[in-house]
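To keep things clear, I will list the structure first and then write my remarks on it.
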Amino acid sequence: MFQLKRLSKTCARRAVHGYFTRAFASESTVNVPRKGEKGIRIGTDKGCEWEKDWEDVQLVCRKLDLPCELIDLSREYWNRVFEPSLRQWEFGVSPNPDVWCNKFVLPPTFWPAILIRTRHYATKSWSNFVTGPRPKLLRPTGLQRALFPIGHLTKPEVRQLAKQHGLSTAERPDSVGICFVGEKTKFNNFLSSYIPPNPGPIVNKLTGKVVGEHSGLWNFTIGQNARVPGMPEKMFVAAKDIESNTIYLVPGSTHESLFSRVLHVKDFTWIWRDASPAGIDLPEGCRLYLMHRYRMDPVPCTVRRTKDNELNIACDQPQHAITPGQVAALWDDDWCLGSGVISAAS
């Protein structure tokens, strides 16, 4: 059997998928390019720079004498990722489109392959003897065929290898932001091209006073500096009330209203479906580690499962800006157990 383990923080974001991107794919020698969502455009802005990515793929493959093929998944991406994300943003939730892409778009494309090489910082163990109780199989249609050829390396080491091999992507900067928005487009401007304005009040949570007006809940994220003009100090988003279409602010980035200790997750997906952690259904729960934000250090927590199959995750210490719509991943030491979408925090 094999198990998926974490070797660095970066694998926590997307531990299992076939994403093709930049220097990491160059060293993994994945021969399927990234999504190619070329149908998504706004005005004259190019949004996703898939053409540049495809050009880099071809350059690397020619350098390494590898075949490559362009697969257009724009229709699947639009239907399964982009439109659902728009609906979430419109209702004030902050989704994670990359996770939906990994779940709904890429697997049907990659799983027919015999083996899949990815650029993720993870590794698998095929040993039949592991510490602690672990099931014998992961999902029969997926991870058995995934290979992690750079799982034993760090990102700087991967870039150095790419440089040594003369690959054009060795010095390419990391991508930031959401892929279909692009790095030169303001996120709010992008969404305004698809979602009609829905004005509502911006309220000081401490005084109840209306201090401004917003054009839509999607323009703000929990913990964000609201940049409201005329305020004596910086105000940060503490809550979004979907029913009243209201944004609530508090002064300062360390206000207690910006911190939560308990988060709730519905429809949690376990990597080992038939072996959830021991004690999770007991009143005392089980002890695990949580990551609810990209590149954060795992934090200790107690996890309990309700009769409705919802997970209540109580962190040992208050956490800053836990955001509904984002993904919570649970770990048992360096074992990734699974993830789910945060529905609420308190």
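Chain labels run A, B, ... following the order of the structure tokens; each chain numbers its residues from 1, and ligands are numbered from 1 in the order shown.
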
Query raised in the report: Which neighbours of segment 230-246 of chain A fall inside 8 Å, counting only C-alpha atoms, when residues of the same chain fewer than 2 positions from it are skipped, and could you give them as number ranges by chain?
Result: A: 91-92, 199-203, 216-217, 220-228, 248-253, 257-258, 321

Query raised in the report: Skipping near chain neighbours, those fewer than 2 positions away, what residues fall within 7 Å of segment 81-86 of chain A using only C-alpha atoms, listed as an MDAnalysis selection string?
Result: chainID A and resid 77:79 88:90 95 97 100:101

Go ahead and save the residues from that selection, with N, CA and C atoms, as a PDB file, in the first residue's frame.
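Saved to part_39.pdb:
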ATOM      1  N   TYR A  77     -14.075  23.739 -17.377  1.00  0.00           N
ATOM      2  CA  TYR A  77     -13.706  24.706 -16.349  1.00  0.00           C
ATOM      3  C   TYR A  77     -14.808  25.737 -16.155  1.00  0.00           C
ATOM      4  N   TRP A  78     -15.381  26.190 -17.237  1.00  0.00           N
ATOM      5  CA  TRP A  78     -16.460  27.190 -17.152  1.00  0.00           C
ATOM      6  C   TRP A  78     -17.648  26.627 -16.384  1.00  0.00           C
ATOM      7  N   ASN A  79     -18.057  25.419 -16.712  1.00  0.00           N
ATOM      8  CA  ASN A  79     -19.263  24.834 -16.123  1.00  0.00           C
ATOM      9  C   ASN A  79     -19.069  24.351 -14.689  1.00  0.00           C
ATOM     10  N   GLN A  88     -20.999  31.734  -5.783  1.00  0.00           N
ATOM     11  CA  GLN A  88     -20.531  31.848  -4.410  1.00  0.00           C
ATOM     12  C   GLN A  88     -20.131  33.283  -4.082  1.00  0.00           C
ATOM     13  N   TRP A  89     -19.384  33.912  -4.959  1.00  0.00           N
ATOM     14  CA  TRP A  89     -18.984  35.300  -4.727  1.00  0.00           C
ATOM     15  C   TRP A  89     -20.203  36.209  -4.626  1.00  0.00           C
ATOM     16  N   GLU A  90     -21.176  35.984  -5.484  1.00  0.00           N
ATOM     17  CA  GLU A  90     -22.365  36.831  -5.491  1.00  0.00           C
ATOM     18  C   GLU A  90     -23.102  36.774  -4.156  1.00  0.00           C
ATOM     19  N   PRO A  95     -14.935  31.584  -2.365  1.00  0.00           N
ATOM     20  CA  PRO A  95     -14.578  30.210  -2.762  1.00  0.00           C
ATOM     21  C   PRO A  95     -13.110  30.080  -3.122  1.00  0.00           C
ATOM     22  N   PRO A  97     -11.413  28.499  -6.206  1.00  0.00           N
ATOM     23  CA  PRO A  97     -11.598  27.854  -7.517  1.00  0.00           C
ATOM     24  C   PRO A  97     -10.569  26.787  -7.828  1.00  0.00           C
ATOM     25  N   TRP A 100     -11.742  23.397  -6.658  1.00  0.00           N
ATOM     26  CA  TRP A 100     -12.814  22.837  -7.499  1.00  0.00           C
ATOM     27  C   TRP A 100     -12.262  22.323  -8.813  1.00  0.00           C
ATOM     28  N   CYS A 101     -11.278  23.038  -9.354  1.00  0.00           N
ATOM     29  CA  CYS A 101     -10.641  22.581 -10.593  1.00  0.00           C
ATOM     30  C   CYS A 101      -9.989  21.224 -10.374  1.00  0.00           C
TER      31      CYS A 101
END

Requested in this report: Skip segment 280-296 of chain A itself and residues of its chain fewer than 2 positions away, then list as a VMD selection string all residues within 6 Å of it, counting only C-alpha atoms.
Outcome: chain A and resid 9 13 277 to 278 298 to 305 327 to 332

Keeping N, CA, C and O atoms for every residue in the selection just given, could you write it to a file as a PDB file, in the first residue's frame?
ATOM      1  N   LYS A   9       5.420  22.802   3.309  1.00  0.00           N
ATOM      2  CA  LYS A   9       4.158  23.513   3.435  1.00  0.00           C
ATOM      3  C   LYS A   9       3.429  23.613   2.098  1.00  0.00           C
ATOM      4  O   LYS A   9       2.212  23.630   2.043  1.00  0.00           O
ATOM      5  N   ARG A  13      -1.389  23.005  -0.022  1.00  0.00           N
ATOM      6  CA  ARG A  13      -2.380  23.728  -0.803  1.00  0.00           C
ATOM      7  C   ARG A  13      -3.081  22.810  -1.780  1.00  0.00           C
ATOM      8  O   ARG A  13      -4.296  22.801  -1.889  1.00  0.00           O
ATOM      9  N   PRO A 277     -10.373   9.222  11.628  1.00  0.00           N
ATOM     10  CA  PRO A 277      -9.549   9.090  12.840  1.00  0.00           C
ATOM     11  C   PRO A 277     -10.328   8.553  14.038  1.00  0.00           C
ATOM     12  O   PRO A 277     -11.506   8.877  14.239  1.00  0.00           O
ATOM     13  N   ALA A 278      -9.651   7.760  14.826  1.00  0.00           N
ATOM     14  CA  ALA A 278     -10.262   7.195  16.029  1.00  0.00           C
ATOM     15  C   ALA A 278     -10.626   8.307  16.996  1.00  0.00           C
ATOM     16  O   ALA A 278      -9.850   9.246  17.208  1.00  0.00           O
ATOM     17  N   PRO A 298       0.687  24.411  10.288  1.00  0.00           N
ATOM     18  CA  PRO A 298      -0.432  23.660  10.869  1.00  0.00           C
ATOM     19  C   PRO A 298      -0.592  24.000  12.347  1.00  0.00           C
ATOM     20  O   PRO A 298       0.397  24.171  13.071  1.00  0.00           O
ATOM     21  N   VAL A 299      -1.835  24.095  12.784  1.00  0.00           N
ATOM     22  CA  VAL A 299      -2.120  24.422  14.175  1.00  0.00           C
ATOM     23  C   VAL A 299      -2.851  23.256  14.828  1.00  0.00           C
ATOM     24  O   VAL A 299      -3.681  22.592  14.195  1.00  0.00           O
ATOM     25  N   PRO A 300      -2.567  22.960  16.093  1.00  0.00           N
ATOM     26  CA  PRO A 300      -3.238  21.845  16.775  1.00  0.00           C
ATOM     27  C   PRO A 300      -4.715  22.147  17.014  1.00  0.00           C
ATOM     28  O   PRO A 300      -5.093  23.291  17.269  1.00  0.00           O
ATOM     29  N   CYS A 301      -5.526  21.118  16.940  1.00  0.00           N
ATOM     30  CA  CYS A 301      -6.962  21.293  17.092  1.00  0.00           C
ATOM     31  C   CYS A 301      -7.606  20.004  17.579  1.00  0.00           C
ATOM     32  O   CYS A 301      -6.992  18.929  17.535  1.00  0.00           O
ATOM     33  N   THR A 302      -8.847  20.111  18.021  1.00  0.00           N
ATOM     34  CA  THR A 302      -9.660  18.959  18.391  1.00  0.00           C
ATOM     35  C   THR A 302     -10.827  18.876  17.419  1.00  0.00           C
ATOM     36  O   THR A 302     -11.531  19.872  17.200  1.00  0.00           O
ATOM     37  N   VAL A 303     -11.026  17.712  16.836  1.00  0.00           N
ATOM     38  CA  VAL A 303     -12.032  17.531  15.794  1.00  0.00           C
ATOM     39  C   VAL A 303     -13.120  16.585  16.290  1.00  0.00           C
ATOM     40  O   VAL A 303     -12.832  15.502  16.810  1.00  0.00           O
ATOM     41  N   ARG A 304     -14.362  17.024  16.122  1.00  0.00           N
ATOM     42  CA  ARG A 304     -15.524  16.196  16.479  1.00  0.00           C
ATOM     43  C   ARG A 304     -16.467  16.134  15.290  1.00  0.00           C
ATOM     44  O   ARG A 304     -16.650  17.128  14.575  1.00  0.00           O
ATOM     45  N   ARG A 305     -17.088  14.987  15.089  1.00  0.00           N
ATOM     46  CA  ARG A 305     -18.064  14.824  14.009  1.00  0.00           C
ATOM     47  C   ARG A 305     -19.471  14.749  14.611  1.00  0.00           C
ATOM     48  O   ARG A 305     -19.725  13.976  15.531  1.00  0.00           O
ATOM     49  N   VAL A 327     -10.843  26.435   2.222  1.00  0.00           N
ATOM     50  CA  VAL A 327     -10.707  25.005   2.481  1.00  0.00           C
ATOM     51  C   VAL A 327      -9.948  24.759   3.775  1.00  0.00           C
ATOM     52  O   VAL A 327      -8.925  25.396   4.042  1.00  0.00           O
ATOM     53  N   ALA A 328     -10.457  23.838   4.571  1.00  0.00           N
ATOM     54  CA  ALA A 328      -9.779  23.378   5.776  1.00  0.00           C
ATOM     55  C   ALA A 328      -9.203  21.996   5.511  1.00  0.00           C
ATOM     56  O   ALA A 328      -9.915  21.091   5.083  1.00  0.00           O
ATOM     57  N   ALA A 329      -7.899  21.841   5.736  1.00  0.00           N
ATOM     58  CA  ALA A 329      -7.232  20.551   5.565  1.00  0.00           C
ATOM     59  C   ALA A 329      -6.789  20.037   6.923  1.00  0.00           C
ATOM     60  O   ALA A 329      -6.269  20.797   7.746  1.00  0.00           O
ATOM     61  N   LEU A 330      -7.000  18.747   7.174  1.00  0.00           N
ATOM     62  CA  LEU A 330      -6.624  18.135   8.435  1.00  0.00           C
ATOM     63  C   LEU A 330      -5.435  17.202   8.247  1.00  0.00           C
ATOM     64  O   LEU A 330      -5.338  16.501   7.240  1.00  0.00           O
ATOM     65  N   TRP A 331      -4.554  17.224   9.239  1.00  0.00           N
ATOM     66  CA  TRP A 331      -3.324  16.443   9.190  1.00  0.00           C
ATOM     67  C   TRP A 331      -3.155  15.652  10.481  1.00  0.00           C
ATOM     68  O   TRP A 331      -3.525  16.117  11.561  1.00  0.00           O
ATOM     69  N   ASP A 332      -2.599  14.471  10.347  1.00  0.00           N
ATOM     70  CA  ASP A 332      -2.153  13.681  11.483  1.00  0.00           C
ATOM     71  C   ASP A 332      -0.636  13.631  11.387  1.00  0.00           C
ATOM     72  O   ASP A 332      -0.082  12.831  10.626  1.00  0.00           O
TER      73      ASP A 332
END

Report summary line: Counting only C-alpha atoms, the residue among A:Gly279, A:Pro229, A:Pro196, A:Pro149 that lies closest to Val211 of chain A is A:Pro229

Query raised in the report: Which residue gives the smallest distance to Cys61 of chain A among A:Leu311, A:Val93, A:Leu167, A:Val105, with only C-alpha atoms counted?
Result: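 Checking each candidate against Cys61 of chain A, we get A:Leu167 as the closest.
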
Query raised in the report: Which is closest to Arg261 of chain A among A:Val57, A:Cys179, A:Leu153, A:Ala344, if we use only C-alpha atoms?
Result: A:Ala344

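The protein and nucleic acid residues lying at most 7 Å from Trp270 of chain A are A:Leu337, A:Gly338, A:Ser339, with only C-alpha atoms considered and sequence neighbours fewer than 6 positions away removed.
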